[in-house]
Structure formats: structure tokens, C-alpha cells
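I have placed the structure first, in the form of C-alpha cells, so that the comments after it can refer back to it.
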Amino acid sequence: MIRTRFAPSPTGYLHIGGARTALFSWAFARKHGGQFILRVEDTDRERSTQESEQAILDGMKWLGLDWDEGPFFQMDRLERYKSVVDQLLAQGHAYPCYASKEELEFMREGQRARGEKPRYDGRWRPEAGKDLPEPPPGIKPVIRFKTPQEGEVSFHDLIKGPITVSNTELDDLVIMRADGIPTYNFGVVVDDWDMGISHVIRGDDHVNNTPRQINILMALGAPVPIYAHVPMILGNDGERLSKRHGAVSVLQYQEDGYLPEALMNYLARLGWGHGDAEKFTLQQFVDWFDVGHVSHAASRFNQEKLSWLNQQYMKECQDDRLADLTRPILEQQGIDASNGPQLPTLCGLLKERVSTVAELADACHIFYRHALPEPDDLREKSAPGLLAAMDQLRAGLAALPWNKEAINLLLKDTAKGHGLKMGQIGIPLRLMLFGTGQTPSLDATLLCLGREETLTRLTAAWPRLLSVVEQA
């Protein structure tokens, strides 16, 4: 049984890198008919928060990454970690260390001064013929793993290929703190073992931890998972990804009006590809996904490309769904979408002109709030004969059947009858109705605005047109 896991720490939001790791782990399990496990590594008690935990769960749900088991929490498993530590102590694979923080820092300073790699020197490590000092009274020790001093650790990474590390490069790491809380490298080993994780897909910042974890697994007689370390994501400038590159919470992308399927599609293409396919469904991604095809090199996050991809999904999105996404944004902006054009119809009219739902909401404003034209804008676009043409147009709009064909014909006939080009009548009309010269096609725009509102706005803007014409 293929079993993968995603194990975030609730010390912050679910960011882009974490979401991609979760996506790859989830897709690998789904591709092979396996199971995807969610656990929360919440042992950093100072920085872990319930808000971060909830944000991670909400982010995964929004992205559509469902899990088969969990979420499991490490703080609920402290007794289990203690029992495994006791096992390692009894078997001679671990030992208590009473060195104080001050002692260890003094030790490292000396090593650095001698040009050596800072590492634990094994002062409390039990060895044959070695006399250990008496434990200091009243001091609770940490527990260290007794790393083999000979041999090497070799494993085949599904992305990076074969990796070998000599045990002489590894020191005796702490596996249990003095307060009984496991360290990352120990908690993750016990969790992967207990949960039967077959494949560990994670960021390549964990590559150096893997030999340590394999040594602990071997000491426990536990099976060693297959590892795949995914290269990091960089900003478009090649620097480490940060907030200025778009490395914000996944839920921030939701708030900014991105569609989850677009973000998922984009994340899948960060370091992985299937031929020339740029846009694909989540099911296609699962069908095509092969962790061995993940790039060995770091990928670059491009905000513009994400926005372009989101725009493609916006164009295909159902109008009712877009309306449901847009309505809360409009309400937050003080706009009652029930007092004006039908929002699904309006979303259908505007969706091809925007990249996000937030932009769509902004584009809707002119249909719910009448902005009078700026006199200078109207003056710049006023041609001789405009007033007579607009007067005829206003009368025609009051009487014609309210459909696109009739509106279009009236606009063309009016412009032609007064010797004007379509732009010479269309742009001033847009300015009077919406305060801007940029809208979708006038026939569709007026149809959506409605006859009553169109005539009301023309009447409200008429004095400005008269003033501009008189001054001319």
C-alpha cells in the first residue's frame, strides 16, 4: 500500500512551497490508489498557534487536497515518543546528556576557533572503558541518539538519485528534549513508522536530515521509506522566495480572487511538466504525475504567469459560481448586488476582461454606482453633432425592444444619421453612463444595465453634456 503524508508545522500559514509539496504527495498517493495522511507537527510550543493550524487545514480544503487519515497531532503522542526513547535507551542506541547550553556553546566556539565543523563532541556518550562524570544533581538530561561512528548511509532519492553520507559526518543528535518533547528528527521517524508511510515526498531542505532519520529507523528495526526531495521554489529573480515574490498564504490567494484550480495547476507546473501541457484538470495531473519527472533544479515563481493562468480559468468558470465568489467582495465594499443587474449575467459579461475575482468585483462597480463623467473627458470626446445624436439616441432607447440586436442597430443608425463614427458616439455614451470610456460592447453592456437605469443615468449626466457643448 502506497502511503504518503504531509506534515506541516502550525507556526505560520500554508505557503506556496508547502502547498506544492502537499500536492505532489497527494497526487502520488491518488495515482497509485494509495492513502494520503495529514499530520500536524505542533511540538514547537512557543510558535505553534491554533490560528496557523486552522489556516493550514482551511488552505488544504480550499485547494481540494483531501486526506484519508488525520489530522494527527504530535502533542497527542508524547507517551508514544517516550516509549520509543525508552526502547532505544534499553538497547544502547541512545543515552542521556547533561551538558548545559553554556558548555555546548563554549565547545562550539573552540571548534570554530580551530577551524573545525561545530558538532557535539560525545562527552556524555557511553563507550567501553570511558569514565563518565556523575550526573549533576537536579538537572534533567536531553536524550541523544548514538550515531554509528563507522560506515555510511546510502539511499536512492526518487528525484535526486543516489545519495551517500558517511556516518563520520554526523554527530549524536538530540532526540528528546529535557521537557519530554521530541525533536523534529525523532518525532518524524516515529510518526512515519507508526503510520506506515511508504514514500516521503518533501522539500530538499530536509535532505541533510534524511541520513540521521534512516540511522534511527535502522536502530529501531523499522522499515525505511522511499524518499523524494523536491527542489525549492525561487522568486522570478532567482532569489529565495519571499512575500515580495508572492510567497504569501494560500488563503491570501483565495482572498485576492484566484481560483483554487488555477493555483493548483500553476503549482503542479512548478518543477514538473507533461509535454507542452500548460493547462490541465486535477484528474489529468493525477493521471500524468510521476515523481521521477520532477525537475532536479529549483523552479521560479512567476506571478504574471499565475495571473494569466487564472484568467484562462476565469473565462471558463460558470457565471453562477463567479457570482457567488464576487457577491461577498461587493458586500464588503458596501455594494448591494441585488439592486441592479443580475450578478451572474454581469459576471458573464465581464469575466473575459479580468484576471481575478477581485478584479471582477471592481469591474462590477460601474453597474451599481453611477459615476458622472469628468467634463474634460467628455469635452475631449465630443464631436460636432453629438448633442443631436445623443438626443435621438435617448429617445430611441426609451422606445425600442430591449435586446442586443435592436440596441446595436439603433447605435449604428444614429451614428450614421449624424455623420459620426461609432467611436464618436459610443465613447461619450459610455462616459455618460459609467464615467469611463472602457466597457464591453455597448449592446451587451446596455442590455445588462437595463433600460430604466440607462435612461436614469443619461438624464443625470445630461447637464454635463449640455455644459460641454455650450462651452465648445
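Starting from 1 in every chain, residues are counted up; chains themselves are A, B, ... following the order of the C-alpha cells, and ligands are numbered from 1 as listed.
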Residue contacts of Met176 in chain A (8 Å, only C-alpha atoms) excluding same-chain residues fewer than 4 positions away, as a list in words
Val85, Val142, Ile143, Arg144, Gly180, Ile181, Pro182, Thr183 and Phe186 of chain A
Mind writing the picked residues with N, CA and C atoms as a PDB file, in the first residue's frame?
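Final output, saved to again_32.pdb:
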```pdb
ATOM      1  N   VAL A  85      11.808   6.146  22.958  1.00  0.00           N
ATOM      2  CA  VAL A  85      13.079   6.575  23.554  1.00  0.00           C
ATOM      3  C   VAL A  85      13.554   5.555  24.592  1.00  0.00           C
ATOM      4  N   VAL A 142      18.854  15.855  28.303  1.00  0.00           N
ATOM      5  CA  VAL A 142      18.284  15.567  26.987  1.00  0.00           C
ATOM      6  C   VAL A 142      18.701  14.147  26.639  1.00  0.00           C
ATOM      7  N   ILE A 143      18.033  13.566  25.663  1.00  0.00           N
ATOM      8  CA  ILE A 143      18.405  12.224  25.192  1.00  0.00           C
ATOM      9  C   ILE A 143      18.979  12.361  23.787  1.00  0.00           C
ATOM     10  N   ARG A 144      20.170  11.797  23.620  1.00  0.00           N
ATOM     11  CA  ARG A 144      20.827  11.826  22.313  1.00  0.00           C
ATOM     12  C   ARG A 144      20.838  10.440  21.690  1.00  0.00           C
ATOM     13  N   GLY A 180      10.696  16.499  27.698  1.00  0.00           N
ATOM     14  CA  GLY A 180       9.941  15.355  27.202  1.00  0.00           C
ATOM     15  C   GLY A 180       9.330  15.560  25.825  1.00  0.00           C
ATOM     16  N   ILE A 181       9.670  16.652  25.151  1.00  0.00           N
ATOM     17  CA  ILE A 181       9.160  16.925  23.807  1.00  0.00           C
ATOM     18  C   ILE A 181      10.166  16.393  22.795  1.00  0.00           C
ATOM     19  N   PRO A 182       9.729  15.599  21.827  1.00  0.00           N
ATOM     20  CA  PRO A 182      10.674  15.061  20.838  1.00  0.00           C
ATOM     21  C   PRO A 182      11.172  16.164  19.905  1.00  0.00           C
ATOM     22  N   THR A 183      12.367  16.002  19.391  1.00  0.00           N
ATOM     23  CA  THR A 183      12.866  16.909  18.357  1.00  0.00           C
ATOM     24  C   THR A 183      12.263  16.497  17.015  1.00  0.00           C
ATOM     25  N   PHE A 186      13.389  13.116  15.430  1.00  0.00           N
ATOM     26  CA  PHE A 186      12.918  11.907  16.099  1.00  0.00           C
ATOM     27  C   PHE A 186      11.405  11.733  15.933  1.00  0.00           C
TER      28      PHE A 186
END
```
Show me, as an MDAnalysis selection string, the residues that have an atom within 7 Å of Thr168 in chain A when counting only C-alpha atoms, minus same-chain residues fewer than 2 positions from it.
chainID A and resid 149:150 166 170
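Residues of range 218-397 of chain A that DSSP, applied to the backbone, places in strand (DSSP E): Ile226, Tyr227, Ala228, His229, Val230, Ile233, Leu234, Gly235, Ser299, Arg300 and Phe301 of chain A.
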For the selection you just gave me, I'd like the residues written to a file as a compact mmCIF listing (two decimals), in the first residue's frame, keeping all heavy atoms.
```txt
# COMPACT_ATOMS: atom_id res chain seq x y z
N ILE A 226 10.78 5.25 1.12
CA ILE A 226 11.45 5.76 -0.08
C ILE A 226 11.31 7.27 -0.05
O ILE A 226 10.24 7.81 0.21
CB ILE A 226 10.81 5.17 -1.35
CG1 ILE A 226 11.00 3.64 -1.36
CG2 ILE A 226 11.40 5.80 -2.60
CD1 ILE A 226 10.22 2.94 -2.44
N TYR A 227 12.41 7.97 -0.31
CA TYR A 227 12.43 9.43 -0.19
C TYR A 227 12.47 10.11 -1.57
O TYR A 227 13.06 9.60 -2.51
CB TYR A 227 13.62 9.89 0.63
CG TYR A 227 13.56 9.44 2.07
CD1 TYR A 227 14.14 8.24 2.48
CD2 TYR A 227 12.89 10.21 3.03
CE1 TYR A 227 14.06 7.82 3.81
CE2 TYR A 227 12.82 9.80 4.35
CZ TYR A 227 13.41 8.61 4.75
OH TYR A 227 13.33 8.20 6.05
N ALA A 228 11.83 11.27 -1.62
CA ALA A 228 11.89 12.13 -2.81
C ALA A 228 11.92 13.57 -2.31
O ALA A 228 10.97 14.03 -1.68
CB ALA A 228 10.67 11.90 -3.70
N HIS A 229 13.03 14.26 -2.58
CA HIS A 229 13.19 15.62 -2.09
C HIS A 229 13.01 16.62 -3.24
O HIS A 229 13.77 16.61 -4.20
CB HIS A 229 14.56 15.78 -1.42
CG HIS A 229 14.66 15.03 -0.13
ND1 HIS A 229 15.15 13.74 -0.04
CD2 HIS A 229 14.30 15.39 1.13
CE1 HIS A 229 15.11 13.35 1.22
NE2 HIS A 229 14.60 14.32 1.95
N VAL A 230 11.99 17.44 -3.09
CA VAL A 230 11.59 18.38 -4.14
C VAL A 230 12.41 19.66 -4.03
O VAL A 230 12.46 20.27 -2.95
CB VAL A 230 10.09 18.71 -4.01
CG1 VAL A 230 9.65 19.63 -5.13
CG2 VAL A 230 9.25 17.42 -4.00
N ILE A 233 11.47 26.49 -4.40
CA ILE A 233 10.91 27.46 -5.33
C ILE A 233 11.61 28.79 -5.10
O ILE A 233 11.70 29.27 -3.96
CB ILE A 233 9.39 27.62 -5.14
CG1 ILE A 233 8.68 26.27 -5.29
CG2 ILE A 233 8.83 28.63 -6.12
CD1 ILE A 233 7.21 26.31 -4.93
N LEU A 234 12.10 29.38 -6.16
CA LEU A 234 12.76 30.69 -6.07
C LEU A 234 11.84 31.77 -6.64
O LEU A 234 10.87 31.47 -7.34
CB LEU A 234 14.07 30.68 -6.87
CG LEU A 234 15.12 29.64 -6.47
CD1 LEU A 234 16.31 29.72 -7.43
CD2 LEU A 234 15.56 29.82 -5.02
N GLY A 235 12.16 33.02 -6.34
CA GLY A 235 11.45 34.11 -6.97
C GLY A 235 11.86 34.22 -8.42
O GLY A 235 12.83 33.58 -8.87
N SER A 299 12.74 25.71 -9.15
CA SER A 299 11.83 26.37 -10.08
C SER A 299 11.62 27.82 -9.67
O SER A 299 11.95 28.21 -8.55
CB SER A 299 10.49 25.63 -10.12
OG SER A 299 9.99 25.44 -8.81
N ARG A 300 11.10 28.62 -10.59
CA ARG A 300 10.91 30.05 -10.32
C ARG A 300 9.44 30.41 -10.36
O ARG A 300 8.72 30.07 -11.30
CB ARG A 300 11.69 30.88 -11.34
CG ARG A 300 13.20 30.64 -11.26
CD ARG A 300 13.97 31.73 -11.96
NE ARG A 300 15.41 31.52 -11.86
CZ ARG A 300 16.31 32.46 -12.06
NH1 ARG A 300 15.93 33.67 -12.38
NH2 ARG A 300 17.60 32.19 -11.96
N PHE A 301 9.04 31.13 -9.34
CA PHE A 301 7.65 31.55 -9.22
C PHE A 301 7.43 32.83 -10.03
O PHE A 301 8.14 33.82 -9.84
CB PHE A 301 7.31 31.79 -7.75
CG PHE A 301 5.86 32.08 -7.50
CD1 PHE A 301 4.95 31.05 -7.37
CD2 PHE A 301 5.40 33.39 -7.41
CE1 PHE A 301 3.61 31.31 -7.14
CE2 PHE A 301 4.07 33.66 -7.19
CZ PHE A 301 3.17 32.62 -7.05
```
d(CA of Leu309 in chain A, CA of Arg202 in chain A) in Å
25.6 Å
Using only C-alpha atoms, I'd like a table of the residues in range 6-107 of chain A that come within 12 Å of range 256-270 of chain A; for each, show the closest atom pair and its distance in Å rounded to one decimal, ordered by chain and ascending number, as a Markdown table.
```
| residue | atom | partner | partner_atom | distance |
| --- | --- | --- | --- | --- |
| A:His15 | CA | A:Leu267 | CA | 11.2 |
| A:Ile16 | CA | A:Leu267 | CA | 7.7 |
| A:Gly17 | CA | A:Leu267 | CA | 8.6 |
| A:Gly18 | CA | A:Leu267 | CA | 10.3 |
| A:Ala19 | CA | A:Leu267 | CA | 7.9 |
| A:Arg20 | CA | A:Leu267 | CA | 5.6 |
| A:Thr21 | CA | A:Leu267 | CA | 9.3 |
| A:Ala22 | CA | A:Leu267 | CA | 10.3 |
| A:Leu23 | CA | A:Ala268 | CA | 7.4 |
| A:Phe24 | CA | A:Ala268 | CA | 7.6 |
| A:Ser25 | CA | A:Ala268 | CA | 11.4 |
| A:Trp26 | CA | A:Ala268 | CA | 11.5 |
| A:Ala27 | CA | A:Ala268 | CA | 9.8 |
| A:Gly59 | CA | A:Pro260 | CA | 9.6 |
| A:Met60 | CA | A:Pro260 | CA | 10.0 |
| A:Lys61 | CA | A:Pro260 | CA | 9.8 |
| A:Trp62 | CA | A:Pro260 | CA | 6.5 |
| A:Leu63 | CA | A:Pro260 | CA | 5.2 |
| A:Gly64 | CA | A:Pro260 | CA | 7.7 |
| A:Leu65 | CA | A:Met264 | CA | 9.7 |
```
Next, the residues of the selection above should be written as a compact mmCIF listing (two decimals), in the first residue's frame with C-alpha atoms.
```txt
# COMPACT_ATOMS: atom_id res chain seq x y z
CA HIS A 15 2.63 28.85 1.84
CA ILE A 16 3.29 28.13 -1.82
CA GLY A 17 6.16 25.72 -1.20
CA GLY A 18 4.22 23.73 1.37
CA ALA A 19 1.15 23.61 -0.85
CA ARG A 20 3.19 22.22 -3.76
CA THR A 21 4.75 19.55 -1.52
CA ALA A 22 1.28 18.60 -0.31
CA LEU A 23 0.04 18.50 -3.92
CA PHE A 24 2.83 16.19 -5.08
CA SER A 25 2.39 13.86 -2.08
CA TRP A 26 -1.39 13.80 -2.55
CA ALA A 27 -1.15 13.17 -6.31
CA GLY A 59 -5.95 26.13 2.82
CA MET A 60 -5.80 22.44 2.00
CA LYS A 61 -9.58 22.18 1.87
CA TRP A 62 -9.79 25.19 -0.44
CA LEU A 63 -7.21 23.61 -2.75
CA GLY A 64 -9.19 20.36 -2.79
CA LEU A 65 -6.47 18.26 -1.14
```
Within 12 Å of Ala363 in chain A, counting only C-alpha atoms, which residues qualify if same-chain residues fewer than 2 places away don't, as a PyMOL selection string?
chain A and resi 326+329-330+343+346-361+365-369+434+436+438-440
Within 9 Å of range 194-196 of chain A, counting only C-alpha atoms, which residues qualify if same-chain residues fewer than 2 places away don't, as an mmCIF file with N, CA and C atoms, in the first residue's frame?
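Done, and the output landed in selection_13.cif:
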```
data_model
loop_
_atom_site.group_PDB
_atom_site.id
_atom_site.type_symbol
_atom_site.label_atom_id
_atom_site.label_comp_id
_atom_site.auth_asym_id
_atom_site.auth_seq_id
_atom_site.Cartn_x
_atom_site.Cartn_y
_atom_site.Cartn_z
ATOM 1 N N MET A 1 0.838 -1.197 0.000
ATOM 2 C CA MET A 1 0.000 0.000 0.000
ATOM 3 C C MET A 1 0.875 1.250 0.000
ATOM 4 N N ILE A 2 0.649 2.108 -0.985
ATOM 5 C CA ILE A 2 1.328 3.388 -1.031
ATOM 6 C C ILE A 2 0.688 4.312 0.001
ATOM 7 N N ARG A 3 1.511 4.854 0.888
ATOM 8 C CA ARG A 3 1.020 5.798 1.893
ATOM 9 C C ARG A 3 1.983 6.979 1.962
ATOM 10 N N THR A 4 1.475 8.157 1.636
ATOM 11 C CA THR A 4 2.275 9.370 1.708
ATOM 12 C C THR A 4 1.695 10.262 2.796
ATOM 13 N N ILE A 37 -1.946 10.930 4.154
ATOM 14 C CA ILE A 37 -2.116 11.163 5.581
ATOM 15 C C ILE A 37 -1.750 12.608 5.908
ATOM 16 N N VAL A 189 10.424 10.384 12.571
ATOM 17 C CA VAL A 189 10.770 8.972 12.376
ATOM 18 C C VAL A 189 9.698 8.082 12.990
ATOM 19 N N VAL A 190 9.326 8.387 14.232
ATOM 20 C CA VAL A 190 8.318 7.565 14.907
ATOM 21 C C VAL A 190 6.976 7.668 14.187
ATOM 22 N N ASP A 191 6.629 8.866 13.770
ATOM 23 C CA ASP A 191 5.357 9.055 13.065
ATOM 24 C C ASP A 191 5.325 8.278 11.751
ATOM 25 N N ASP A 192 6.379 8.405 10.948
ATOM 26 C CA ASP A 192 6.413 7.695 9.667
ATOM 27 C C ASP A 192 6.351 6.187 9.878
ATOM 28 N N SER A 198 5.050 4.907 3.252
ATOM 29 C CA SER A 198 5.910 4.185 2.300
ATOM 30 C C SER A 198 6.806 5.135 1.514
ATOM 31 N N PRO A 223 11.031 -0.250 8.993
ATOM 32 C CA PRO A 223 11.252 -0.120 7.551
ATOM 33 C C PRO A 223 11.616 1.311 7.180
ATOM 34 N N PRO A 225 11.358 4.336 4.606
ATOM 35 C CA PRO A 225 10.545 4.774 3.460
ATOM 36 C C PRO A 225 11.426 5.092 2.251
#
```
Across A:Leu325, A:Ala415, A:Val40, A:Cys448, the smallest distance to Asp76 in chain A, with only C-alpha atoms counted, is shown by A:Val40
